[in-house]
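The data block below is my_file_5.cif; it holds mmCIF, C-alpha atoms.
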data_model
loop_
_atom_site.label_atom_id
_atom_site.label_comp_id
_atom_site.auth_asym_id
_atom_site.auth_seq_id
_atom_site.Cartn_x
_atom_site.Cartn_y
_atom_site.Cartn_z
CA MET A 875 -28.85 54.97 -11.56
CA SER A 876 -27.53 58.46 -11.43
CA PHE A 877 -24.86 60.83 -12.52
CA LYS A 878 -23.80 63.50 -10.06
CA VAL A 879 -21.09 65.62 -11.57
CA ARG A 880 -20.00 68.97 -10.26
CA LEU A 881 -16.62 70.11 -11.50
CA ARG A 882 -14.37 72.82 -12.75
CA LEU A 883 -12.11 71.58 -15.50
CA ALA A 884 -9.31 73.12 -17.54
CA VAL A 885 -10.04 72.79 -21.24
CA GLY A 886 -7.52 74.26 -23.64
CA GLY A 887 -6.51 77.35 -21.67
CA ARG A 888 -9.87 78.11 -20.07
CA THR A 889 -11.89 76.62 -17.27
CA ILE A 890 -15.34 75.17 -17.76
CA ALA A 891 -17.83 74.50 -15.01
CA LEU A 892 -20.52 71.85 -14.97
CA ASP A 893 -23.15 70.98 -12.39
CA LEU A 894 -25.14 67.95 -13.40
CA ALA A 895 -27.43 65.75 -11.38
CA SER A 896 -29.56 63.27 -13.24
CA GLN A 897 -31.62 60.23 -12.34
CA ALA A 898 -32.55 59.52 -15.96
CA ARG A 899 -31.60 56.28 -17.69
CA LEU A 900 -30.02 58.28 -20.43
CA THR A 901 -28.60 61.70 -19.78
CA ALA A 902 -27.45 63.91 -22.63
CA LEU A 903 -24.68 66.45 -22.41
CA VAL A 904 -25.06 69.06 -25.14
CA GLY A 905 -23.26 72.19 -26.18
CA PRO A 906 -21.47 73.78 -29.11
CA SER A 907 -18.34 72.14 -30.40
CA GLY A 908 -15.32 73.16 -28.36
CA ALA A 909 -17.45 73.55 -25.24
CA GLY A 910 -15.52 70.73 -23.56
CA LYS A 911 -18.07 67.89 -23.74
CA THR A 912 -15.46 65.25 -24.45
CA SER A 913 -13.25 66.66 -21.70
CA VAL A 914 -16.08 66.09 -19.25
CA LEU A 915 -16.35 62.45 -20.36
CA ASN A 916 -12.58 62.10 -19.98
CA ALA A 917 -12.79 63.51 -16.46
CA ILE A 918 -15.55 61.03 -15.56
CA ALA A 919 -13.51 58.14 -17.01
CA GLY A 920 -10.41 59.26 -15.12
CA LEU A 921 -8.39 60.35 -18.15
CA ALA A 922 -8.41 64.03 -17.19
CA ARG A 923 -8.23 65.50 -13.71
CA PRO A 924 -10.64 68.34 -12.83
CA ARG A 925 -9.31 71.37 -11.02
CA GLU A 926 -11.86 70.65 -8.35
CA GLY A 927 -15.21 69.03 -7.86
CA ARG A 928 -16.94 65.75 -7.24
CA ILE A 929 -17.97 62.96 -9.59
CA ALA A 930 -20.27 60.19 -8.44
CA VAL A 931 -22.08 57.62 -10.53
CA GLY A 932 -24.76 55.38 -9.05
CA GLY A 933 -23.61 56.25 -5.53
CA THR A 934 -19.94 55.44 -6.15
CA VAL A 935 -17.61 58.39 -5.71
CA LEU A 936 -15.03 58.39 -8.51
CA PHE A 937 -13.47 61.75 -7.79
CA ASP A 938 -13.72 64.17 -4.92
CA SER A 939 -11.11 66.88 -4.66
CA ALA A 940 -12.21 67.87 -1.16
CA ALA A 941 -11.95 64.31 0.15
CA GLY A 942 -8.84 63.47 -1.85
CA VAL A 943 -10.56 60.74 -3.89
CA ASP A 944 -9.26 60.15 -7.41
CA LEU A 945 -9.78 56.59 -8.65
CA ALA A 946 -7.47 55.32 -11.41
CA PRO A 947 -9.24 54.79 -14.75
CA GLU A 948 -9.12 50.99 -14.39
CA ARG A 949 -11.00 51.19 -11.08
CA ARG A 950 -13.86 53.41 -12.27
CA ARG A 951 -15.76 50.69 -14.13
CA ALA A 952 -16.62 53.02 -16.97
CA GLY A 953 -17.79 51.80 -20.35
CA TYR A 954 -16.41 54.51 -22.58
CA VAL A 955 -17.17 54.48 -26.31
CA PHE A 956 -14.73 57.06 -27.63
CA GLN A 957 -15.66 59.23 -30.56
CA ASP A 958 -12.48 57.96 -32.25
CA LEU A 959 -13.33 54.40 -31.10
CA ARG A 960 -9.73 53.37 -30.33
CA LEU A 961 -10.06 49.72 -31.29
CA PHE A 962 -6.74 47.93 -30.76
CA PRO A 963 -5.26 47.61 -34.26
CA HIS A 964 -3.14 44.54 -33.47
CA LEU A 965 -6.07 42.51 -32.15
CA ARG A 966 -8.90 40.94 -34.11
CA VAL A 967 -12.48 41.95 -33.36
CA ALA A 968 -12.99 38.93 -31.07
CA GLN A 969 -9.88 39.81 -29.05
CA ASN A 970 -10.91 43.46 -28.89
CA LEU A 971 -14.28 42.39 -27.49
CA ALA A 972 -12.60 40.09 -24.97
CA TYR A 973 -10.06 42.65 -23.76
CA GLY A 974 -12.03 44.11 -20.86
CA GLU A 975 -14.19 41.01 -20.39
CA ARG A 976 -11.10 39.00 -19.53
CA ILE A 977 -10.07 41.51 -16.86
CA ALA A 978 -13.50 41.86 -15.25
CA GLN A 979 -14.15 39.58 -12.31
CA PRO A 980 -16.41 36.71 -13.44
CA GLU A 981 -19.11 37.46 -10.85
CA ARG A 982 -19.21 41.07 -12.05
CA ARG A 983 -19.83 40.20 -15.68
CA TRP A 984 -23.41 40.98 -16.46
CA ALA A 985 -23.39 41.15 -20.25
CA GLY A 986 -23.74 37.75 -21.90
CA ARG A 987 -21.24 37.55 -24.71
CA GLU A 988 -23.50 35.72 -27.16
CA ASP A 989 -26.54 37.88 -26.41
CA LEU A 990 -24.56 41.08 -26.77
CA ILE A 991 -22.93 40.00 -30.03
CA ALA A 992 -26.41 39.20 -31.35
CA LEU A 993 -27.83 42.51 -30.10
CA LEU A 994 -25.04 44.42 -31.80
CA GLY A 995 -25.13 42.29 -34.94
CA ILE A 996 -21.38 41.76 -35.04
CA GLY A 997 -21.19 37.97 -35.04
CA HIS A 998 -19.90 37.86 -38.61
CA LEU A 999 -17.05 40.28 -37.81
CA LEU A 1000 -15.27 38.36 -35.07
CA ARG A 1001 -12.34 37.19 -37.21
CA ARG A 1002 -11.78 40.57 -38.86
CA TRP A 1003 -9.07 43.15 -38.14
CA PRO A 1004 -10.30 46.59 -36.99
CA ALA A 1005 -8.72 48.29 -40.00
CA THR A 1006 -11.07 46.36 -42.32
CA LEU A 1007 -14.31 47.46 -40.62
CA SER A 1008 -16.69 50.15 -41.86
CA GLY A 1009 -17.42 53.09 -39.55
CA GLY A 1010 -20.71 51.62 -38.35
CA GLU A 1011 -19.24 48.16 -37.79
CA ALA A 1012 -16.30 49.56 -35.84
CA ARG A 1013 -18.63 51.62 -33.66
CA ARG A 1014 -20.75 48.59 -32.79
CA VAL A 1015 -17.60 46.63 -31.92
CA ALA A 1016 -16.43 49.50 -29.71
CA ILE A 1017 -19.81 49.52 -27.92
CA GLY A 1018 -19.57 45.75 -27.46
CA ARG A 1019 -16.03 45.99 -26.12
CA ALA A 1020 -17.12 48.59 -23.58
CA LEU A 1021 -20.20 46.64 -22.45
CA LEU A 1022 -18.37 43.30 -22.12
CA ALA A 1023 -15.96 44.87 -19.63
CA ALA A 1024 -18.91 44.81 -17.21
CA PRO A 1025 -19.09 48.56 -16.65
CA ASP A 1026 -21.34 50.29 -14.13
CA PHE A 1027 -22.20 53.05 -16.60
CA LEU A 1028 -21.75 53.94 -20.25
CA LEU A 1029 -20.21 57.04 -21.80
CA LEU A 1030 -21.11 57.59 -25.46
CA ASP A 1031 -19.24 60.33 -27.30
CA GLU A 1032 -21.09 61.42 -30.47
CA PRO A 1033 -22.13 57.86 -31.38
CA THR A 1034 -23.68 58.87 -34.71
CA ALA A 1035 -20.85 61.12 -35.86
CA SER A 1036 -19.27 60.09 -39.18
CA LEU A 1037 -22.05 57.57 -39.90
CA ASP A 1038 -24.02 57.47 -43.15
CA PRO A 1039 -27.55 58.83 -42.68
CA GLY A 1040 -28.89 55.33 -43.32
CA ARG A 1041 -26.81 53.94 -40.49
CA VAL A 1042 -27.78 56.59 -37.96
CA GLU A 1043 -31.27 55.21 -37.43
CA ALA A 1044 -29.96 51.70 -36.78
CA LEU A 1045 -27.49 52.99 -34.23
CA LEU A 1046 -30.05 55.15 -32.44
CA ALA A 1047 -32.36 52.13 -32.20
CA LEU A 1048 -29.46 50.16 -30.75
CA VAL A 1049 -28.76 52.81 -28.10
CA GLU A 1050 -32.47 52.75 -27.21
CA ARG A 1051 -32.32 49.00 -26.73
CA ILE A 1052 -29.20 49.23 -24.57
CA ARG A 1053 -30.92 51.93 -22.53
CA ASP A 1054 -34.12 49.92 -22.07
CA GLU A 1055 -32.90 46.33 -21.94
CA LEU A 1056 -29.56 46.56 -20.17
CA ALA A 1057 -30.65 49.15 -17.62
CA ILE A 1058 -27.23 50.75 -17.39
CA PRO A 1059 -26.97 54.52 -16.87
CA ILE A 1060 -25.78 56.24 -20.03
CA LEU A 1061 -24.24 59.65 -20.50
CA LEU A 1062 -24.45 60.71 -24.12
CA VAL A 1063 -22.53 63.56 -25.68
CA SER A 1064 -24.16 64.90 -28.80
CA HIS A 1065 -24.68 68.06 -30.76
CA ASP A 1066 -27.70 66.68 -32.60
CA ARG A 1067 -30.90 68.12 -31.15
CA ALA A 1068 -33.22 65.49 -32.63
CA GLU A 1069 -31.05 62.67 -31.36
CA VAL A 1070 -31.04 64.12 -27.86
CA GLU A 1071 -34.80 64.71 -27.80
CA ARG A 1072 -35.41 61.15 -28.87
CA LEU A 1073 -33.06 59.40 -26.43
CA ALA A 1074 -32.51 61.47 -23.33
CA GLY A 1075 -34.54 61.67 -20.15
CA HIS A 1076 -32.44 64.55 -18.90
CA VAL A 1077 -30.40 67.13 -20.75
CA ALA A 1078 -27.45 69.11 -19.36
CA HIS A 1079 -26.00 72.07 -21.21
CA LEU A 1080 -22.39 73.15 -21.48
CA PRO A 1081 -22.22 76.78 -22.56
CA MET B 707 37.66 29.01 -48.78
CA LEU B 708 37.92 29.99 -45.15
CA THR B 709 40.44 28.39 -42.82
CA GLY B 710 39.60 26.98 -39.42
CA ALA B 711 41.05 30.03 -37.71
CA GLU B 712 38.92 32.32 -39.84
CA TRP B 713 35.79 30.34 -39.02
CA ALA B 714 36.73 30.65 -35.35
CA VAL B 715 36.97 34.44 -35.74
CA ILE B 716 33.51 34.55 -37.32
CA GLY B 717 32.10 32.29 -34.61
CA LEU B 718 33.57 34.46 -31.87
CA SER B 719 32.25 37.62 -33.51
CA LEU B 720 28.74 36.18 -33.75
CA LYS B 721 28.86 35.00 -30.14
CA VAL B 722 30.11 38.37 -28.84
CA SER B 723 27.53 40.32 -30.85
CA LEU B 724 24.65 38.03 -29.98
CA VAL B 725 25.39 38.14 -26.25
CA ALA B 726 25.89 41.91 -26.40
CA VAL B 727 22.53 42.49 -28.08
CA LEU B 728 20.53 40.03 -25.97
CA ALA B 729 21.93 41.45 -22.74
CA THR B 730 21.32 45.04 -23.87
CA LEU B 731 17.80 44.47 -25.18
CA PRO B 732 15.87 44.92 -21.90
CA VAL B 733 18.11 47.81 -20.80
CA ALA B 734 17.72 49.57 -24.13
CA TYR B 735 13.95 49.08 -24.16
CA GLY B 736 13.65 50.36 -20.60
CA LEU B 737 15.69 53.46 -21.45
CA ALA B 738 13.72 53.98 -24.66
CA TRP B 739 10.44 53.78 -22.75
CA LEU B 740 11.65 56.22 -20.09
CA LEU B 741 12.83 58.71 -22.71
CA ALA B 742 9.68 58.33 -24.82
CA ARG B 743 7.01 58.33 -22.14
CA ARG B 744 8.26 59.91 -18.93
CA ARG B 745 9.15 63.47 -18.02
CA PHE B 746 11.58 63.60 -15.09
CA PRO B 747 14.43 65.78 -13.91
CA GLY B 748 17.69 64.77 -15.55
CA ARG B 749 15.93 63.36 -18.61
CA LEU B 750 18.04 65.41 -21.02
CA LEU B 751 21.18 64.34 -19.20
CA LEU B 752 20.20 60.67 -19.43
CA ASP B 753 19.39 61.13 -23.11
CA ALA B 754 22.84 62.65 -23.66
CA ALA B 755 24.60 59.93 -21.64
CA VAL B 756 22.91 57.18 -23.67
CA HIS B 757 23.98 58.83 -26.91
CA LEU B 758 27.53 59.60 -25.78
CA PRO B 759 29.12 56.42 -27.21
CA LEU B 760 27.75 57.43 -30.60
CA VAL B 761 29.85 60.59 -30.75
CA LEU B 762 32.74 59.89 -28.38
CA PRO B 763 35.98 58.56 -29.90
CA PRO B 764 35.59 54.78 -29.33
CA VAL B 765 39.02 54.68 -27.72
CA VAL B 766 37.74 57.06 -25.05
CA THR B 767 34.72 54.82 -24.44
CA GLY B 768 37.14 51.89 -24.10
CA TRP B 769 39.26 53.85 -21.65
CA LEU B 770 36.19 54.76 -19.57
CA LEU B 771 35.23 51.09 -19.54
CA LEU B 772 38.72 50.26 -18.29
CA LEU B 773 38.37 52.81 -15.50
CA LEU B 774 34.97 51.42 -14.47
CA PHE B 775 35.22 47.73 -15.25
CA GLY B 776 38.98 47.11 -15.05
CA ARG B 777 40.37 44.99 -12.22
CA ALA B 778 41.04 48.13 -10.17
CA GLY B 779 37.84 49.87 -11.22
CA PRO B 780 34.88 50.20 -8.85
CA VAL B 781 32.56 47.90 -10.82
CA GLY B 782 35.24 45.57 -12.18
CA GLY B 783 36.83 45.09 -8.77
CA TRP B 784 33.47 44.28 -7.22
CA LEU B 785 32.56 41.83 -9.98
CA GLU B 786 35.90 40.08 -9.55
CA ALA B 787 35.69 39.92 -5.76
CA GLN B 788 32.01 39.00 -5.46
CA TRP B 789 31.45 36.80 -8.46
CA GLY B 790 34.87 35.98 -9.81
CA VAL B 791 33.88 37.56 -13.11
CA GLY B 792 36.68 39.20 -15.04
CA LEU B 793 35.92 41.27 -18.12
CA VAL B 794 39.30 42.59 -19.20
CA PHE B 795 41.04 40.35 -21.78
CA ARG B 796 37.90 38.18 -21.88
CA TRP B 797 35.29 37.72 -24.61
CA THR B 798 32.70 38.96 -22.11
CA GLY B 799 34.63 42.23 -22.04
CA ALA B 800 34.40 42.42 -25.82
CA ALA B 801 30.66 41.84 -25.48
CA LEU B 802 30.40 44.65 -22.92
CA ALA B 803 32.28 47.05 -25.21
CA ALA B 804 30.03 46.05 -28.12
CA ALA B 805 26.93 46.47 -25.95
CA VAL B 806 27.85 50.00 -24.87
CA MET B 807 28.56 51.02 -28.44
CA ALA B 808 25.32 49.45 -29.71
CA LEU B 809 23.13 50.90 -26.96
CA PRO B 810 22.45 54.34 -28.51
CA LEU B 811 21.39 52.86 -31.84
CA MET B 812 19.09 50.37 -30.15
CA VAL B 813 17.55 53.00 -27.89
CA ARG B 814 16.91 55.32 -30.85
CA ALA B 815 15.09 52.67 -32.88
CA MET B 816 13.00 51.49 -29.94
CA ARG B 817 12.20 54.98 -28.75
CA LEU B 818 10.78 55.95 -32.13
CA SER B 819 8.58 52.88 -32.17
CA ILE B 820 7.32 53.51 -28.63
CA GLU B 821 6.58 57.16 -29.43
CA ALA B 822 4.58 55.96 -32.43
CA VAL B 823 2.26 53.90 -30.22
CA ASP B 824 -0.91 55.96 -29.87
CA ARG B 825 -1.34 56.88 -26.21
CA ARG B 826 -5.08 57.00 -26.71
CA LEU B 827 -4.98 53.22 -27.14
CA VAL B 828 -3.26 52.88 -23.78
CA GLU B 829 -5.96 55.12 -22.26
CA ALA B 830 -8.64 52.90 -23.79
CA ALA B 831 -7.01 49.85 -22.25
CA ARG B 832 -6.91 51.53 -18.83
CA VAL B 833 -10.61 52.45 -19.01
CA LEU B 834 -11.35 48.81 -19.91
CA GLY B 835 -9.79 47.81 -16.59
CA ALA B 836 -6.13 47.24 -17.42
CA SER B 837 -3.51 48.25 -14.86
CA PRO B 838 -0.63 50.35 -16.19
CA ALA B 839 1.55 47.21 -16.32
CA ARG B 840 -1.11 45.22 -18.18
CA ALA B 841 -1.75 48.06 -20.63
CA PHE B 842 1.99 48.19 -21.29
CA ALA B 843 2.30 44.45 -21.82
CA THR B 844 -0.77 44.12 -24.06
CA ILE B 845 -0.70 47.40 -26.01
CA THR B 846 2.62 49.29 -25.92
CA LEU B 847 4.91 46.24 -26.06
CA PRO B 848 3.29 44.40 -29.01
CA LEU B 849 2.73 47.60 -30.99
CA SER B 850 6.38 48.58 -30.60
CA ALA B 851 7.67 45.07 -31.36
CA PRO B 852 8.88 45.93 -34.88
CA GLY B 853 11.03 48.68 -33.36
CA ILE B 854 12.47 46.22 -30.87
CA ALA B 855 13.40 43.86 -33.68
CA ALA B 856 14.82 46.67 -35.81
CA GLY B 857 16.84 47.99 -32.86
CA ALA B 858 18.18 44.52 -32.11
CA VAL B 859 19.29 43.94 -35.70
CA LEU B 860 20.88 47.38 -35.87
CA GLY B 861 22.65 46.79 -32.56
CA PHE B 862 23.84 43.41 -33.79
CA ALA B 863 25.34 44.97 -36.92
CA ARG B 864 27.00 47.69 -34.86
CA SER B 865 28.40 45.07 -32.46
CA LEU B 866 29.86 43.04 -35.33
CA GLY B 867 31.80 46.12 -36.46
CA GLU B 868 32.93 47.27 -33.03
CA PHE B 869 36.69 47.94 -32.96
CA GLY B 870 38.04 50.87 -30.95
CA ALA B 871 36.41 50.33 -27.58
CA THR B 872 36.99 46.58 -27.82
CA ILE B 873 40.71 46.75 -28.55
CA THR B 874 41.17 49.38 -25.83
CA PHE B 875 39.17 47.60 -23.16
CA ALA B 876 39.33 43.88 -23.97
CA SER B 877 42.54 43.88 -25.99
CA ASN B 878 43.31 41.80 -29.09
CA ILE B 879 43.70 38.21 -27.97
CA GLU B 880 43.32 35.44 -30.50
CA GLY B 881 40.43 33.12 -29.73
CA GLU B 882 39.18 35.33 -26.89
CA THR B 883 38.65 38.93 -27.97
CA ARG B 884 39.91 38.98 -31.57
CA THR B 885 36.62 39.57 -33.36
CA LEU B 886 36.21 40.14 -37.10
CA PRO B 887 37.39 43.79 -37.24
CA LEU B 888 40.32 43.06 -34.91
CA ALA B 889 41.33 40.06 -37.00
CA ILE B 890 41.26 42.18 -40.16
CA TYR B 891 43.36 44.85 -38.45
CA THR B 892 45.81 42.20 -37.24
CA GLY B 893 46.03 40.72 -40.73
CA LEU B 894 46.88 44.12 -42.12
CA GLN B 895 49.89 44.28 -39.79
CA LEU B 896 51.24 40.94 -41.03
CA PRO B 897 53.05 40.39 -44.33
CA GLY B 898 51.36 37.88 -46.64
CA ALA B 899 47.92 37.94 -44.99
CA GLU B 900 46.20 39.87 -47.80
CA GLY B 901 44.09 36.85 -48.75
CA ALA B 902 42.79 36.35 -45.22
CA VAL B 903 42.07 40.09 -44.88
CA ALA B 904 40.09 40.10 -48.10
CA ARG B 905 38.07 37.02 -47.13
CA LEU B 906 37.23 38.39 -43.66
CA ALA B 907 36.38 41.79 -45.15
CA VAL B 908 33.93 40.19 -47.57
CA ILE B 909 32.32 38.30 -44.67
CA ALA B 910 32.06 41.56 -42.71
CA ILE B 911 30.44 43.34 -45.64
CA LEU B 912 27.94 40.52 -46.18
CA LEU B 913 26.97 40.34 -42.51
CA SER B 914 26.56 44.11 -42.20
CA LEU B 915 24.59 44.38 -45.41
CA GLY B 916 22.30 41.57 -44.33
CA ALA B 917 21.67 43.21 -40.95
CA LEU B 918 20.95 46.60 -42.50
CA LEU B 919 18.51 45.12 -45.01
CA ALA B 920 16.76 43.17 -42.25
CA SER B 921 16.47 46.30 -40.12
CA GLU B 922 15.14 48.37 -43.02
CA TRP B 923 12.60 45.65 -43.83
CA LEU B 924 11.40 45.57 -40.22
CA VAL B 925 11.02 49.36 -40.09
CA ARG B 926 9.05 49.40 -43.33
CA ARG B 927 6.84 46.61 -42.11
CA SER B 928 6.07 48.52 -38.92
CA MET B 929 5.28 51.65 -40.96
CA GLY B 930 2.88 49.62 -43.07
CA GLN B 931 1.19 48.29 -39.96
CA ARG B 932 0.82 51.81 -38.61
CA ALA B 933 -0.66 53.02 -41.87
CA HIS B 934 -3.58 50.66 -41.52
CA VAL B 935 -4.11 51.55 -37.89
CA LEU B 936 -6.17 54.64 -38.76
#
Would you mind writing the file out in structure tokens?
Amino acid sequence: MSFKVRLRLAVGGRTIALDLASQARLTALVGPSGAGKTSVLNAIAGLARPREGRIAVGGTVLFDSAAGVDLAPERRRAGYVFQDLRLFPHLRVAQNLAYGERIAQPERRWAGREDLIALLGIGHLLRRWPATLSGGEARRVAIGRALLAAPDFLLLDEPTASLDPGRVEALLALVERIRDELAIPILLVSHDRAEVERLAGHVAHLP
Amino acid sequence: MLTGAEWAVIGLSLKVSLVAVLATLPVAYGLAWLLARRRFPGRLLLDAAVHLPLVLPPVVTGWLLLLLFGRAGPVGGWLEAQWGVGLVFRWTGAALAAAVMALPLMVRAMRLSIEAVDRRLVEAARVLGASPARAFATITLPLSAPGIAAGAVLGFARSLGEFGATITFASNIEGETRTLPLAIYTGLQLPGAEGAVARLAVIAILLSLGALLASEWLVRRSMGQRAHVL
């Protein structure tokens, strides 16, 4: 249950540095917009390559420039809930949810499909197309899709962004339940101080 | 109404065009994917080579095909010796000429549709555990399917109309390589064939119009699909 991230990363013409070591269940990464928070998540998920550094989650080394380790995204076992969600537009909600679940080895699957669908409250959406979902519905489906792929850790990028104020509370409560009931390490990117204080056991700052 | 010989011309044209498009489909999609998604040395050159038949005089394309695929040509000689396949003066040669001429149009349509597939979706698939091949098969391929269909229809229409490269490379042999345009041209050389020319021309116009409308419909449909993606 830990994130150990030490890296230098090119972000839009400059280089950012981060040194993060956290044993908390939920770690928050905060900083002003444009600081490169999403780029750090991308680097952890394997979608961006740091200039140098080392990324380890729960004892598994995902990237180590000194040792020449750079796992492909599909081998990192990341559950990444993108800020822009990225639901597959040509697949119904049920097929979106099943996408990673189908690939994960059966003995690795730890999230029960029915339980998770109940926890997320998305049972009534299974037949719908992503384009017909509200922002909050789509975000819960994206969280479900990530969790069903049996990830070792969860990356949440601004999970309450673009939600109605009334929906924010429900989503924060959901993240708390995932944190407490599923016992999966979570790295949360947020610029909302109250959100971070409520959820995170450890806070890392990007200047 | 149409005579038996005219029906035979239409049948041959449809066969030549269909074979040309089906055989070119995977090649065109592969080229379109390379040009849309990969950066490699010689990319511009490949792009230009694919588009060459679009701007070259068709008779030059036919002549190049003769050099390459003729009995004495490097590829044609090998095909003949190894497999006993002859292309010159054969309907398969007409299909090859049609395929080469249709290729640039097919690649263009498919390339646009592949470029329109959001790469962030492919990234999402990879993070969810999909190998590059699986992400391609489950995300890029289905989302670019309308472009594949549009490219195929466009290529089919282009193949139906192919004249210059065909007559140069495969010649104008009745029942073998005399497709619709070649039959119309032949009719124009003969006295008293005005009726046949007119009938075949009307068929050609109807087939081409139908293919263009189908292609346009497919493109619009894919645009509509994209609009409700975001």
List as JSON, numbers by chain the protein and nucleic acid residues near Asn878 (chain B), meaning an atom at most 9 Å away when only C-alpha atoms are counted, but skip any in the same chain fewer than 4 places from it.
{"B": [795, 872, 873, 874, 882, 883, 884, 885, 888, 889, 892]}
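All chain A residues having an atom within 6 Å of chain B, based on all atoms listed in the file, amount to Pro947, Glu948, Arg960, Pro963, Gly974 and Ala1005 of chain A.
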Selected by the PyMOL selection byres ((chain A and resi 921) around 9) in the shown coordinates: which residues, as a list in words?
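That expression, the PyMOL selection byres ((chain A and resi 921) around 9), corresponds here to Ser913, Leu915, Asn916, Ala917, Ile918, Ala919, Gly920, Ala922, Arg923, Ala946 and Pro947 of chain A; Glu829, Arg832 and Val833 of chain B.
Of note, CA of Val859 (chain B) and CA of Leu918 (chain B) are spaced 7.5 Å apart.
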Might you spell out which residues the PyMOL selection byres ((chain A and resi 1043) around 12) would select in the displayed file, as a list in words?
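This file gives the following for the PyMOL selection byres ((chain A and resi 1043) around 12): Gly1010, Pro1033, Thr1034, Leu1037, Asp1038, Pro1039, Gly1040, Arg1041, Val1042, Ala1044, Leu1045, Leu1046, Ala1047, Leu1048, Val1049, Glu1050, Ala1068, Glu1069, Arg1072 and Leu1073 of chain A.
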Go ahead and save the residues from that selection, with C-alpha atoms, as a PDB file, in the frame of the given file.
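What landed in result.pdb:
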ATOM      1  CA  GLY A1010     -20.710  51.620 -38.350  1.00  0.00           C
ATOM      2  CA  PRO A1033     -22.130  57.860 -31.380  1.00  0.00           C
ATOM      3  CA  THR A1034     -23.680  58.870 -34.710  1.00  0.00           C
ATOM      4  CA  LEU A1037     -22.050  57.570 -39.900  1.00  0.00           C
ATOM      5  CA  ASP A1038     -24.020  57.470 -43.150  1.00  0.00           C
ATOM      6  CA  PRO A1039     -27.550  58.830 -42.680  1.00  0.00           C
ATOM      7  CA  GLY A1040     -28.890  55.330 -43.320  1.00  0.00           C
ATOM      8  CA  ARG A1041     -26.810  53.940 -40.490  1.00  0.00           C
ATOM      9  CA  VAL A1042     -27.780  56.590 -37.960  1.00  0.00           C
ATOM     10  CA  ALA A1044     -29.960  51.700 -36.780  1.00  0.00           C
ATOM     11  CA  LEU A1045     -27.490  52.990 -34.230  1.00  0.00           C
ATOM     12  CA  LEU A1046     -30.050  55.150 -32.440  1.00  0.00           C
ATOM     13  CA  ALA A1047     -32.360  52.130 -32.200  1.00  0.00           C
ATOM     14  CA  LEU A1048     -29.460  50.160 -30.750  1.00  0.00           C
ATOM     15  CA  VAL A1049     -28.760  52.810 -28.100  1.00  0.00           C
ATOM     16  CA  GLU A1050     -32.470  52.750 -27.210  1.00  0.00           C
ATOM     17  CA  ALA A1068     -33.220  65.490 -32.630  1.00  0.00           C
ATOM     18  CA  GLU A1069     -31.050  62.670 -31.360  1.00  0.00           C
ATOM     19  CA  ARG A1072     -35.410  61.150 -28.870  1.00  0.00           C
ATOM     20  CA  LEU A1073     -33.060  59.400 -26.430  1.00  0.00           C
TER      21      LEU A1073
END
